[in-house]
$ cat start-v5.cif   # mmCIF, C-alpha atoms
data_run
#
loop_
_atom_site.label_atom_id
_atom_site.label_comp_id
_atom_site.auth_asym_id
_atom_site.auth_seq_id
_atom_site.Cartn_x
_atom_site.Cartn_y
_atom_site.Cartn_z
CA MET M 1 -3.60 54.15 -6.58
CA ASN M 2 -5.97 51.55 -5.18
CA VAL M 3 -5.80 48.33 -7.22
CA THR M 4 -9.27 46.79 -7.40
CA ALA M 5 -10.29 43.17 -7.89
CA THR M 6 -11.86 44.18 -11.22
CA MET M 7 -8.53 45.52 -12.44
CA VAL M 8 -6.76 42.35 -11.36
CA LYS M 9 -9.33 40.20 -13.16
CA GLU M 10 -9.00 42.27 -16.34
CA LEU M 11 -5.22 41.90 -16.31
CA ARG M 12 -5.48 38.15 -15.67
CA ASP M 13 -7.94 37.76 -18.56
CA LYS M 14 -5.58 39.63 -20.89
CA THR M 15 -2.39 37.86 -19.88
CA GLY M 16 -3.27 34.53 -18.26
CA ALA M 17 -1.10 35.49 -15.27
CA GLY M 18 -1.81 34.33 -11.72
CA MET M 19 -3.82 36.53 -9.36
CA MET M 20 -0.89 37.57 -7.14
CA ASP M 21 1.39 38.23 -10.13
CA ALA M 22 -1.29 40.40 -11.72
CA LYS M 23 -1.88 42.36 -8.52
CA LYS M 24 1.86 42.93 -7.92
CA ALA M 25 2.31 44.17 -11.49
CA LEU M 26 -0.56 46.65 -11.14
CA VAL M 27 0.75 47.92 -7.82
CA GLU M 28 4.22 48.33 -9.31
CA VAL M 29 2.96 50.63 -12.09
CA ASP M 30 0.23 52.44 -10.12
CA GLY M 31 -2.62 50.70 -11.91
CA ASP M 32 -1.53 51.41 -15.50
CA MET M 33 -2.95 48.42 -17.38
CA GLU M 34 -0.63 48.65 -20.40
CA LYS M 35 2.48 49.01 -18.26
CA ALA M 36 1.33 46.12 -16.05
CA MET M 37 0.97 43.92 -19.14
CA GLU M 38 4.50 44.87 -20.16
CA VAL M 39 5.81 44.02 -16.68
CA LEU M 40 4.16 40.60 -16.83
CA ARG M 41 5.42 40.02 -20.35
CA GLN M 42 8.97 40.76 -19.21
CA LYS M 43 8.59 38.47 -16.21
CA GLY M 44 7.06 35.86 -18.46
CA ILE M 45 10.03 36.02 -20.77
CA ALA M 46 12.41 35.54 -17.84
CA SER M 47 10.29 32.62 -16.65
CA ALA M 48 10.19 31.16 -20.14
CA GLU M 49 13.96 31.31 -20.50
CA LYS M 50 14.37 29.35 -17.27
CA LYS M 51 12.07 26.65 -18.60
CA MET M 52 13.87 26.21 -21.93
CA GLY M 53 16.40 23.78 -20.44
CA ARG M 54 13.69 21.24 -19.63
CA ILE M 55 12.81 18.21 -21.72
CA ALA M 56 9.79 18.74 -23.99
CA ALA M 57 8.89 15.52 -25.80
CA GLU M 58 5.11 15.60 -25.33
CA GLY M 59 2.78 17.90 -27.24
CA ARG M 60 0.69 17.64 -30.37
CA VAL M 61 0.84 17.16 -34.09
CA GLU M 62 -1.73 19.32 -35.89
CA SER M 63 -2.51 20.29 -39.47
CA TYR M 64 -4.32 22.84 -41.60
CA VAL M 65 -5.52 22.35 -45.19
CA ASP M 66 -7.36 24.66 -47.57
CA ASP M 67 -8.04 24.60 -51.31
CA SER M 68 -4.52 25.57 -52.33
CA CYS M 69 -2.12 24.31 -49.68
CA GLY M 70 -1.71 22.50 -46.39
CA ALA M 71 0.68 22.11 -43.48
CA VAL M 72 1.44 19.72 -40.64
CA ILE M 73 3.33 20.81 -37.52
CA GLU M 74 4.73 19.30 -34.31
CA VAL M 75 4.63 21.52 -31.23
CA ASN M 76 6.17 20.11 -28.06
CA CYS M 77 5.56 20.64 -24.36
CA GLU M 78 6.65 18.79 -21.22
CA THR M 79 3.59 16.77 -20.18
CA ASP M 80 0.66 15.00 -21.76
CA PHE M 81 -1.58 16.90 -19.33
CA VAL M 82 -0.68 20.22 -20.97
CA ALA M 83 -0.86 18.67 -24.45
CA LYS M 84 -4.57 18.02 -23.80
CA ASN M 85 -5.16 21.60 -22.63
CA GLN M 86 -7.39 23.49 -25.08
CA GLU M 87 -5.12 26.53 -24.96
CA PHE M 88 -2.19 24.41 -26.14
CA ILE M 89 -4.30 22.65 -28.79
CA ASP M 90 -5.46 26.01 -30.16
CA LEU M 91 -1.85 27.21 -30.26
CA ALA M 92 -0.73 24.19 -32.30
CA LYS M 93 -3.65 24.51 -34.72
CA GLY M 94 -3.06 28.23 -35.13
CA LEU M 95 0.61 27.65 -35.91
CA ALA M 96 -0.29 25.04 -38.54
CA GLU M 97 -2.61 27.55 -40.21
CA LEU M 98 0.10 30.22 -40.08
CA VAL M 99 2.61 27.89 -41.77
CA ALA M 100 0.12 27.05 -44.53
CA LYS M 101 -0.85 30.66 -45.23
CA MET M 102 2.49 32.46 -44.74
CA ASN M 103 4.97 29.80 -45.94
CA PRO M 104 7.95 30.38 -43.60
CA ALA M 105 11.23 28.82 -44.68
CA ASP M 106 11.95 27.11 -41.35
CA VAL M 107 11.14 27.18 -37.63
CA ALA M 108 13.25 30.30 -37.04
CA ALA M 109 11.40 32.11 -39.82
CA LEU M 110 8.06 30.99 -38.37
CA GLU M 111 8.97 32.33 -34.94
CA ALA M 112 9.95 35.66 -36.52
CA LEU M 113 6.55 36.11 -38.19
CA THR M 114 3.93 38.49 -36.85
CA CYS M 115 0.62 36.79 -36.16
CA PRO M 116 -2.07 38.56 -38.23
CA LYS M 117 -4.74 37.74 -35.65
CA CYS M 118 -3.05 39.14 -32.53
CA GLY M 119 -0.37 41.40 -34.00
CA LYS M 120 2.41 39.80 -31.93
CA VAL M 121 5.65 38.15 -33.04
CA ILE M 122 5.32 34.36 -32.73
CA SER M 123 8.40 34.05 -30.52
CA ASP M 124 6.72 36.43 -28.06
CA VAL M 125 3.45 34.50 -28.30
CA LEU M 126 5.36 31.34 -27.33
CA LYS M 127 6.99 33.06 -24.37
CA GLU M 128 3.63 34.31 -23.15
CA LYS M 129 2.18 30.82 -23.46
CA ILE M 130 5.12 29.39 -21.53
CA ALA M 131 4.48 31.91 -18.75
CA SER M 132 0.73 31.21 -18.80
CA ILE M 133 0.85 27.41 -19.09
CA GLY M 134 3.98 26.90 -17.03
CA GLU M 135 5.89 24.50 -19.30
CA LYS M 136 8.55 24.67 -21.94
CA ILE M 137 6.95 24.93 -25.40
CA THR M 138 8.87 24.51 -28.64
CA ILE M 139 8.07 24.26 -32.33
CA ARG M 140 9.98 21.21 -33.49
CA ARG M 141 9.23 20.89 -37.20
CA PHE M 142 6.67 21.43 -39.92
CA ALA M 143 6.00 20.56 -43.56
CA ARG M 144 3.99 22.49 -46.14
CA TYR M 145 2.64 21.43 -49.53
CA GLU M 146 0.89 23.37 -52.28
CA GLY M 147 -1.71 22.04 -54.71
CA ASN M 148 -3.97 19.10 -53.91
CA VAL M 149 -3.33 18.41 -50.23
CA ALA M 150 -4.99 16.10 -47.71
CA SER M 151 -4.23 15.47 -44.05
CA TYR M 152 -5.05 13.16 -41.17
CA ILE M 153 -4.29 13.59 -37.46
CA HIS M 154 -4.57 10.61 -35.11
CA ASN M 155 -5.22 11.73 -31.53
CA GLY M 156 -2.68 14.52 -31.87
CA LYS M 157 0.07 11.87 -31.86
CA ILE M 158 0.50 11.03 -35.55
CA GLY M 159 0.11 13.48 -38.40
CA VAL M 160 0.06 12.83 -42.14
CA LEU M 161 0.28 15.36 -44.96
CA LEU M 162 -0.34 14.05 -48.48
CA GLY M 163 0.22 15.68 -51.86
CA THR M 164 -1.56 14.23 -54.92
CA THR M 165 -2.21 15.11 -58.56
CA ALA M 166 -6.00 15.32 -58.15
CA LYS M 167 -8.64 15.94 -55.52
CA ASP M 168 -10.58 12.99 -54.16
CA ALA M 169 -11.58 13.57 -50.55
CA GLU M 170 -12.61 10.01 -49.74
CA LEU M 171 -9.67 8.33 -51.45
CA THR M 172 -7.02 10.70 -50.07
CA LYS M 173 -8.47 10.30 -46.57
CA ASP M 174 -8.06 6.53 -46.88
CA ILE M 175 -4.48 6.95 -48.09
CA CYS M 176 -3.68 9.25 -45.16
CA LEU M 177 -5.16 6.71 -42.75
CA HIS M 178 -3.05 4.00 -44.37
CA ILE M 179 0.15 6.07 -44.08
CA ALA M 180 -0.56 6.77 -40.42
CA SER M 181 -1.08 3.06 -39.76
CA SER M 182 1.53 1.41 -42.00
CA ALA M 183 4.41 3.92 -41.77
CA PRO M 184 5.84 3.80 -45.31
CA GLU M 185 9.12 5.64 -45.83
CA PHE M 186 8.99 6.31 -49.58
CA VAL M 187 6.35 6.72 -52.29
CA SER M 188 7.97 4.25 -54.71
CA ARG M 189 11.18 2.36 -55.45
CA LYS M 190 12.65 5.26 -57.41
CA ASP M 191 12.61 7.37 -54.26
CA ILE M 192 14.80 4.96 -52.25
CA PRO M 193 18.42 6.17 -52.01
CA GLN M 194 21.00 3.62 -53.13
CA GLU M 195 22.73 3.80 -49.74
CA VAL M 196 19.56 2.51 -48.05
CA ILE M 197 19.45 -0.50 -50.38
CA GLN M 198 23.18 -1.11 -49.89
CA HIS M 199 22.87 -0.92 -46.11
CA GLU M 200 20.07 -3.51 -46.04
CA THR M 201 22.06 -5.71 -48.44
CA ASP M 202 25.11 -5.59 -46.17
CA VAL M 203 22.97 -6.45 -43.13
CA GLU M 204 21.41 -9.45 -44.84
CA MET M 205 24.74 -10.67 -46.23
CA GLY M 206 26.15 -10.73 -42.71
CA LYS M 207 23.39 -12.85 -41.15
CA GLU M 208 24.50 -16.11 -39.64
CA ASP M 209 21.90 -18.29 -41.37
CA LEU M 210 23.55 -17.56 -44.72
CA ALA M 211 27.17 -17.94 -43.64
CA LYS M 212 27.58 -21.51 -44.95
CA LYS M 213 25.66 -20.98 -48.21
CA PRO M 214 27.55 -20.84 -51.54
CA GLU M 215 28.15 -17.23 -52.57
CA ALA M 216 25.86 -17.34 -55.62
CA ILE M 217 22.98 -18.81 -53.63
CA ARG M 218 23.58 -16.40 -50.76
CA ALA M 219 23.46 -13.43 -53.16
CA LYS M 220 20.18 -14.68 -54.61
CA ILE M 221 18.60 -15.11 -51.17
CA VAL M 222 19.80 -11.67 -50.06
CA GLU M 223 18.41 -10.09 -53.22
CA GLY M 224 15.01 -11.59 -52.47
CA ARG M 225 15.06 -10.49 -48.85
CA VAL M 226 16.11 -6.94 -49.69
CA ASN M 227 13.46 -6.76 -52.40
CA LYS M 228 10.83 -7.71 -49.80
CA LEU M 229 12.16 -5.13 -47.33
CA MET M 230 12.06 -2.40 -49.96
CA ALA M 231 8.49 -3.30 -50.84
CA GLN M 232 7.53 -2.83 -47.20
CA LYS M 233 9.05 0.64 -47.20
CA CYS M 234 7.25 1.82 -50.38
CA LEU M 235 3.74 3.24 -50.06
CA LEU M 236 2.63 2.13 -53.53
CA GLU M 237 3.61 -1.49 -52.89
CA GLN M 238 2.04 -1.83 -49.45
CA PRO M 239 -1.22 -3.77 -49.07
CA PHE M 240 -4.03 -1.31 -48.35
CA VAL M 241 -4.77 -1.41 -44.63
CA LYS M 242 -8.54 -1.63 -45.20
CA ASN M 243 -8.25 -4.29 -47.90
CA PRO M 244 -4.93 -6.21 -47.91
CA ASP M 245 -5.83 -7.89 -51.20
CA VAL M 246 -5.22 -4.55 -52.94
CA THR M 247 -2.01 -2.53 -52.98
CA ILE M 248 -2.04 1.26 -52.74
CA GLU M 249 -0.89 1.40 -56.35
CA GLN M 250 -3.92 -0.62 -57.42
CA LEU M 251 -6.20 1.43 -55.18
CA ILE M 252 -5.28 4.74 -56.87
CA SER M 253 -4.92 3.40 -60.42
CA GLY M 254 -6.63 5.71 -62.93
CA LYS M 255 -7.75 8.12 -60.18
CA LEU M 256 -4.69 10.08 -59.09
CA ASP M 257 -0.96 9.86 -58.45
CA ILE M 258 0.77 10.35 -55.13
CA VAL M 259 3.39 13.07 -55.32
CA LYS M 260 4.74 13.05 -51.77
CA PHE M 261 3.83 12.63 -48.13
CA GLU M 262 5.03 13.44 -44.62
CA ARG M 263 4.38 11.36 -41.52
CA PHE M 264 5.12 12.95 -38.16
CA VAL M 265 5.07 10.87 -34.97
CA LEU M 266 5.00 12.95 -31.81
CA GLY M 267 8.31 12.95 -29.98
CA GLU M 268 10.04 10.37 -32.19
CA GLY M 269 13.77 10.55 -31.60
CA LEU M 270 13.44 12.95 -28.66
CA GLU M 271 14.63 12.29 -25.13
CA LYS M 272 11.66 11.48 -22.90
CA ARG M 273 10.94 12.77 -19.42
CA ASN M 274 11.78 10.16 -16.81
CA ASP M 275 10.74 11.91 -13.61
CA ASN M 276 7.88 11.11 -11.29
CA PHE M 277 4.87 13.37 -11.78
CA ALA M 278 3.76 13.03 -8.15
CA ASP M 279 7.24 14.07 -6.97
CA GLU M 280 7.14 17.03 -9.35
CA VAL M 281 3.80 18.18 -7.96
CA MET M 282 5.13 17.93 -4.40
CA SER M 283 8.24 19.88 -5.34
CA GLN M 284 6.04 22.68 -6.72
CA ILE M 285 3.90 22.72 -3.55
CA LYS M 286 6.99 23.05 -1.34
CA LYS M 287 8.28 26.11 -3.21
#
$ encode --input "start-v5.cif" --output "structure tokens"
Amino acid sequence: MNVTATMVKELRDKTGAGMMDAKKALVEVDGDMEKAMEVLRQKGIASAEKKMGRIAAEGRVESYVDDSCGAVIEVNCETDFVAKNQEFIDLAKGLAELVAKMNPADVAALEALTCPKCGKVISDVLKEKIASIGEKITIRRFARYEGNVASYIHNGKIGVLLGTTAKDAELTKDICLHIASSAPEFVSRKDIPQEVIQHETDVEMGKEDLAKKPEAIRAKIVEGRVNKLMAQKCLLEQPFVKNPDVTIEQLISGKLDIVKFERFVLGEGLEKRNDNFADEVMSQIKK
């Protein structure tokens, strides 16, 4: 069967494959569009598996919030260039919406879900995107809250999800902005594990500037220092970033209570790529 340019274009539009790959697939199956899509999907999966050993510490943090729940998710890729690609952005946003609406238990459960919009299993969607975009793509983590939820995303790099006892769009937006900027670790003192307090106490007790102080005085100084450190870690005790004369606790007084929050920073704790992009481009050209 003669494979026409129109057929090749149709297959490319449906799969995102390159022109030559699309043409070869059509020739292989005598122009059967469905079989050609399956051939490309299989080749895409093989290609995706090869890419999974690469480092993926770039990507995006995205969120989705509706009247009853909300979610924040981190989806990783290999380069910032791909992270800014609209196809990748749409993927991350769609996954955040899926988490919010379908409430998977973990990343594995999310990847096993069938997307209601396209009818495909999410793990297969990821493999197709890897084949289309050409980079390793992974879902790293997500969080989901029910009830009164607010969110803020800063340039796709920092994501905040906030759960409160009441709705107040303007106030919760300000709190999300503050969390993104000030990086609290806990809502209040009662949320701090004792081992965290003990660790900071041990660190302060071992500092050289206190070595010659009498034990009672040293203990008092350490208590004060640790108290200050704990205040810096607690959201409610932090000075509001827009008005440092007011703490977050004072800001929300009589309006709502903060139940919990998540703050995702893109790629935190992940190994970063250390190769030269120009060299990578040249290596691809030489293949």
$ residues_around --input "start-v5.cif" --residues "Asn148 (chain M)" --least-positions-apart "2" --cutoff "8 Å" --atoms "all atoms listed in the file" --output "JSON list (two decimals) with C-alpha atoms, keeping the file's coordinate frame"
[["chain", "number", "residue", "atom", "x", "y", "z"],
["M", 67, "ASP", "CA", -8.04, 24.60, -51.31],
["M", 68, "SER", "CA", -4.52, 25.57, -52.33],
["M", 69, "CYS", "CA", -2.12, 24.31, -49.68],
["M", 146, "GLU", "CA", 0.89, 23.37, -52.28],
["M", 150, "ALA", "CA", -4.99, 16.10, -47.71],
["M", 163, "GLY", "CA", 0.22, 15.68, -51.86],
["M", 164, "THR", "CA", -1.56, 14.23, -54.92],
["M", 165, "THR", "CA", -2.21, 15.11, -58.56],
["M", 166, "ALA", "CA", -6.00, 15.32, -58.15],
["M", 167, "LYS", "CA", -8.64, 15.94, -55.52]]
$ resolve_selection --input "start-v5.cif" --expression "the PyMOL selection byres ((chain M and resi 192-203) around 9)" --output "ChimeraX atom specification"
/M:185-191,204-207,222-223,225-227,229-230,233-234
$ atom_distance --input "start-v5.cif" --atom1 "CA of Asp30 (chain M)" --atom2 "CA of Glu128 (chain M)"
22.6 Å
$ resolve_selection --input "start-v5.cif" --expression "the PyMOL selection byres ((chain M and resi 177) around 9)" --output "MDAnalysis selection string"
chainID M and resid 151:154 160 172:176 178:182 241
$ residues_near_point --input "start-v5.cif" --point "(7.1, 48.8, -15.2)" --cutoff "7 Å" --atoms "only C-alpha atoms" --output "JSON, numbers by chain"
{"M": [28, 29, 35, 36, 38, 39]}
$ closest_residue --input "start-v5.cif" --among "M:Lys157, M:Lys136, M:Lys220, M:Arg60" --to "Leu91 (chain M)" --atoms "all atoms listed in the file"
M:Arg60
$ closest_residue --input "start-v5.cif" --among "M:Ala216, M:Ala71, M:Cys77, M:Leu251" --to "Glu135 (chain M)" --atoms "only C-alpha atoms"
M:Cys77
$ axis_aligned_box --input "start-v5.cif" --around "region 208-223 of chain M" --padding-each-side "5 Å" --output "JSON"
{"center_x": 23.3, "center_y": -15.8, "center_z": -47.6, "size_x": 19.7, "size_y": 21.4, "size_z": 26.0}
$ atom_distance --input "start-v5.cif" --atom1 "CA of Ala100 (chain M)" --atom2 "CA of Arg140 (chain M)"
15.9 Å
$ atom_distance --input "start-v5.cif" --atom1 "CA of Lys212 (chain M)" --atom2 "CA of Gly224 (chain M)"
17.7 Å
$ residues_around --input "start-v5.cif" --residues "region 106-115 of chain M" --least-positions-apart "3" --cutoff "12 Å" --atoms "all atoms listed in the file" --output "PyMOL selection string"
chain M and resi 73-75+91+94-103+118-127+138-144
